Amino acid sequence: MVRESLLENIRVTGWTLVALTTSAALVAMFVTMSFDLERKMTRTLRKLGPNAVASPHFLSAEREGNLDLWKEFEDLVNRENMAAAKLSLEVVTVRGKPIVLAMSDPGELARMTPYWFVSGDRARAGSECLVGKRVARLLTLEPGMSIGVHSTSDSNEVTHYTITGIIVSGDEHEDRIFVPQLPSPSLKPRLTYALLSVPGGEEGIERLNAALHKAQSAIEIKPLREILHGEKSTLEKMDLLSSIALLAVLVLTVLGVSSALLSRVVERRKEFALLQAIGATKRSLIGFLLLEGVVMGAAASIGGFILGTLISEIMVRQIFHVSVTPQVIAFPITCMIILGVTLLTSSAGVIRALKIEPALALRGE
């Protein structure tokens, strides 16, 4: 009987199903993305630069030549498959000026500093170097020039590097010269630290510190709180925007479906009047209308969940270049919301149907 009733009023049924399915698709999309988007976006943000710095507890241990100081840290980075770049700093003289020289693996440094603007190319060979903007301005340096680096421990020891690029970073790195290796193997760096990109924010950093402490490592990881706060704020704003958009969709859906169902009741007033005239109770009439709504809501939820998952996949692939992970929990949430909307709007139709006077409706009034 419900199926025949829905097919008999195919125009209104079709419009109602389209509205409910669209709403269900958006609900499924927002729910799926709210569960999966944070992970995807966090991974993308982790490719934009470091969010933590690792350094020794006691610098004296490094000065004493403790070669195993960084061993546990490097093992942990490899186990966790994290991006990290270790930098060893030493003070040298270039053209008579004291300059901080930073030694780091070129590949690791490039992965951790994609936000650098490099005028020229990054250094790759052992005889090449990158120069910070402020150092280049101080010494009047340009890409392609050669510079001689003098060790402060031995002024007669000179190592020549070819400048491949000038970097603009907006931080202390503009005061340094970056080389793939220190000028002399016997030269001991004054300070070594590492830039890290740690998934999971502060919780992930605390977990890594706990692992290092358990291994009795002298390395401590400190969060870059400005970056972590910015990431957290961005994710919270996206969640808020998604919630507002979802609320707007549900309000518009309620209004659209309510209008369709009220129109459906008006068109079927003679049918309802006839049912009451032959003995149908108000309870059975209410049950019949609510059952119609439940059937349409269930059909819309299934179709909307499939459509919403496909839309999520397309959007996430276009924005983050990865596949979305379908969330099973999105289906029951979508069903609950859409069925709730359907029952709410069907209630408006029920109230309108109960106001129909059978005698007047059968006379066409």
# chains A, B, ... in the order shown; residues from 1 in each chain; ligands from 1
call {"tool": "residues_around", "arguments": {"residues": "range 246-249 of chain A", "least_positions_apart": "4", "cutoff": "9 Å", "atoms": "only C-alpha atoms", "output": "list in words"}}
result
Ser23, Leu26, Val27, Phe30, Leu241, Ser242, Thr253 and Val254 of chain A
call {"tool": "write_last_selection", "arguments": {"atoms": "N, CA and C atoms", "output": "short mmCIF file (atom, residue, chain, number, x, y, z; two decimals), in the first residue's frame"}}
result
data_model
loop_
_atom_site.label_atom_id
_atom_site.label_comp_id
_atom_site.auth_asym_id
_atom_site.auth_seq_id
_atom_site.Cartn_x
_atom_site.Cartn_y
_atom_site.Cartn_z
N SER A 23 20.59 15.81 0.64
CA SER A 23 20.94 16.09 2.03
C SER A 23 21.75 14.94 2.63
N LEU A 26 25.33 15.02 1.41
CA LEU A 26 26.13 16.05 2.07
C LEU A 26 26.46 15.67 3.51
N VAL A 27 25.47 15.06 4.19
CA VAL A 27 25.73 14.60 5.55
C VAL A 27 26.84 13.55 5.55
N PHE A 30 30.22 15.23 4.82
CA PHE A 30 30.77 15.98 5.94
C PHE A 30 31.24 15.04 7.06
N LEU A 241 33.48 25.38 10.17
CA LEU A 241 32.89 25.70 8.87
C LEU A 241 32.05 24.55 8.35
N SER A 242 32.55 23.31 8.51
CA SER A 242 31.80 22.13 8.07
C SER A 242 30.50 21.99 8.84
N THR A 253 16.95 21.54 3.82
CA THR A 253 16.29 20.27 3.51
C THR A 253 14.95 20.16 4.22
N VAL A 254 14.93 20.53 5.50
CA VAL A 254 13.67 20.49 6.26
C VAL A 254 12.62 21.37 5.60
#
call {"tool": "closest_residue", "arguments": {"among": "A:Gln216, A:Ser151, A:Ser323, A:Thr93", "to": "Lys71 in chain A", "atoms": "only C-alpha atoms"}}
result
A:Gln216
call {"tool": "closest_atom_pairs", "arguments": {"of": "range 72-138 of chain A", "to": "range 47-54 of chain A", "cutoff": "8 Å", "atoms": "only C-alpha atoms", "output": "Markdown table"}}
result
| residue | atom | partner | partner_atom | distance |
| --- | --- | --- | --- | --- |
| A:Arg111 | CA | A:Lys47 | CA | 7.5 |
| A:Met112 | CA | A:Gly49 | CA | 5.0 |
| A:Thr113 | CA | A:Gly49 | CA | 5.5 |
| A:Pro114 | CA | A:Leu48 | CA | 6.1 |
| A:Tyr115 | CA | A:Leu48 | CA | 6.6 |
call {"tool": "write_last_selection", "arguments": {"atoms": "C-alpha atoms", "output": "PDB file, in the first residue's frame"}}
result
ATOM      1  CA  ARG A 111      62.369  17.996   2.771  1.00  0.00           C
ATOM      2  CA  MET A 112      62.245  19.990   6.010  1.00  0.00           C
ATOM      3  CA  THR A 113      62.451  23.477   4.465  1.00  0.00           C
ATOM      4  CA  PRO A 114      60.076  23.567   1.468  1.00  0.00           C
ATOM      5  CA  TYR A 115      58.937  27.008   2.651  1.00  0.00           C
TER       6      TYR A 115
END
call {"tool": "residues_around", "arguments": {"residues": "Leu255 in chain A", "least_positions_apart": "3", "cutoff": "12 Å", "atoms": "only C-alpha atoms", "output": "PyMOL selection string"}}
result
chain A and resi 16+19-20+23+248-252+258-262+341-342+344-346+348
call {"tool": "residues_around", "arguments": {"residues": "Ala84 in chain A", "least_positions_apart": "3", "cutoff": "9 Å", "atoms": "only C-alpha atoms", "output": "JSON, numbers by chain"}}
result
{"A": [50, 77, 108, 109, 111, 112, 194, 195, 196, 197, 198]}
call {"tool": "select_by_dssp", "arguments": {"residues": "range 108-153 of chain A", "states": "alpha helix (DSSP H)", "output": "ChimeraX atom specification"}}
result
/A:108-112,133-139
call {"tool": "atom_distance", "arguments": {"atom1": "CA of Ala300 in chain A", "atom2": "CA of Phe35 in chain A"}}
result
21.8 Å
call {"tool": "atom_distance", "arguments": {"atom1": "CA of Ser217 in chain A", "atom2": "CA of Phe73 in chain A"}}
result
7.4 Å
call {"tool": "closest_residue", "arguments": {"among": "A:Ala123, A:Leu289, A:Ile177, A:Val91", "to": "Leu141 in chain A", "atoms": "only C-alpha atoms"}}
result
A:Ile177
call {"tool": "atom_distance", "arguments": {"atom1": "CA of Pro189 in chain A", "atom2": "CA of Gly204 in chain A"}}
result
29.1 Å
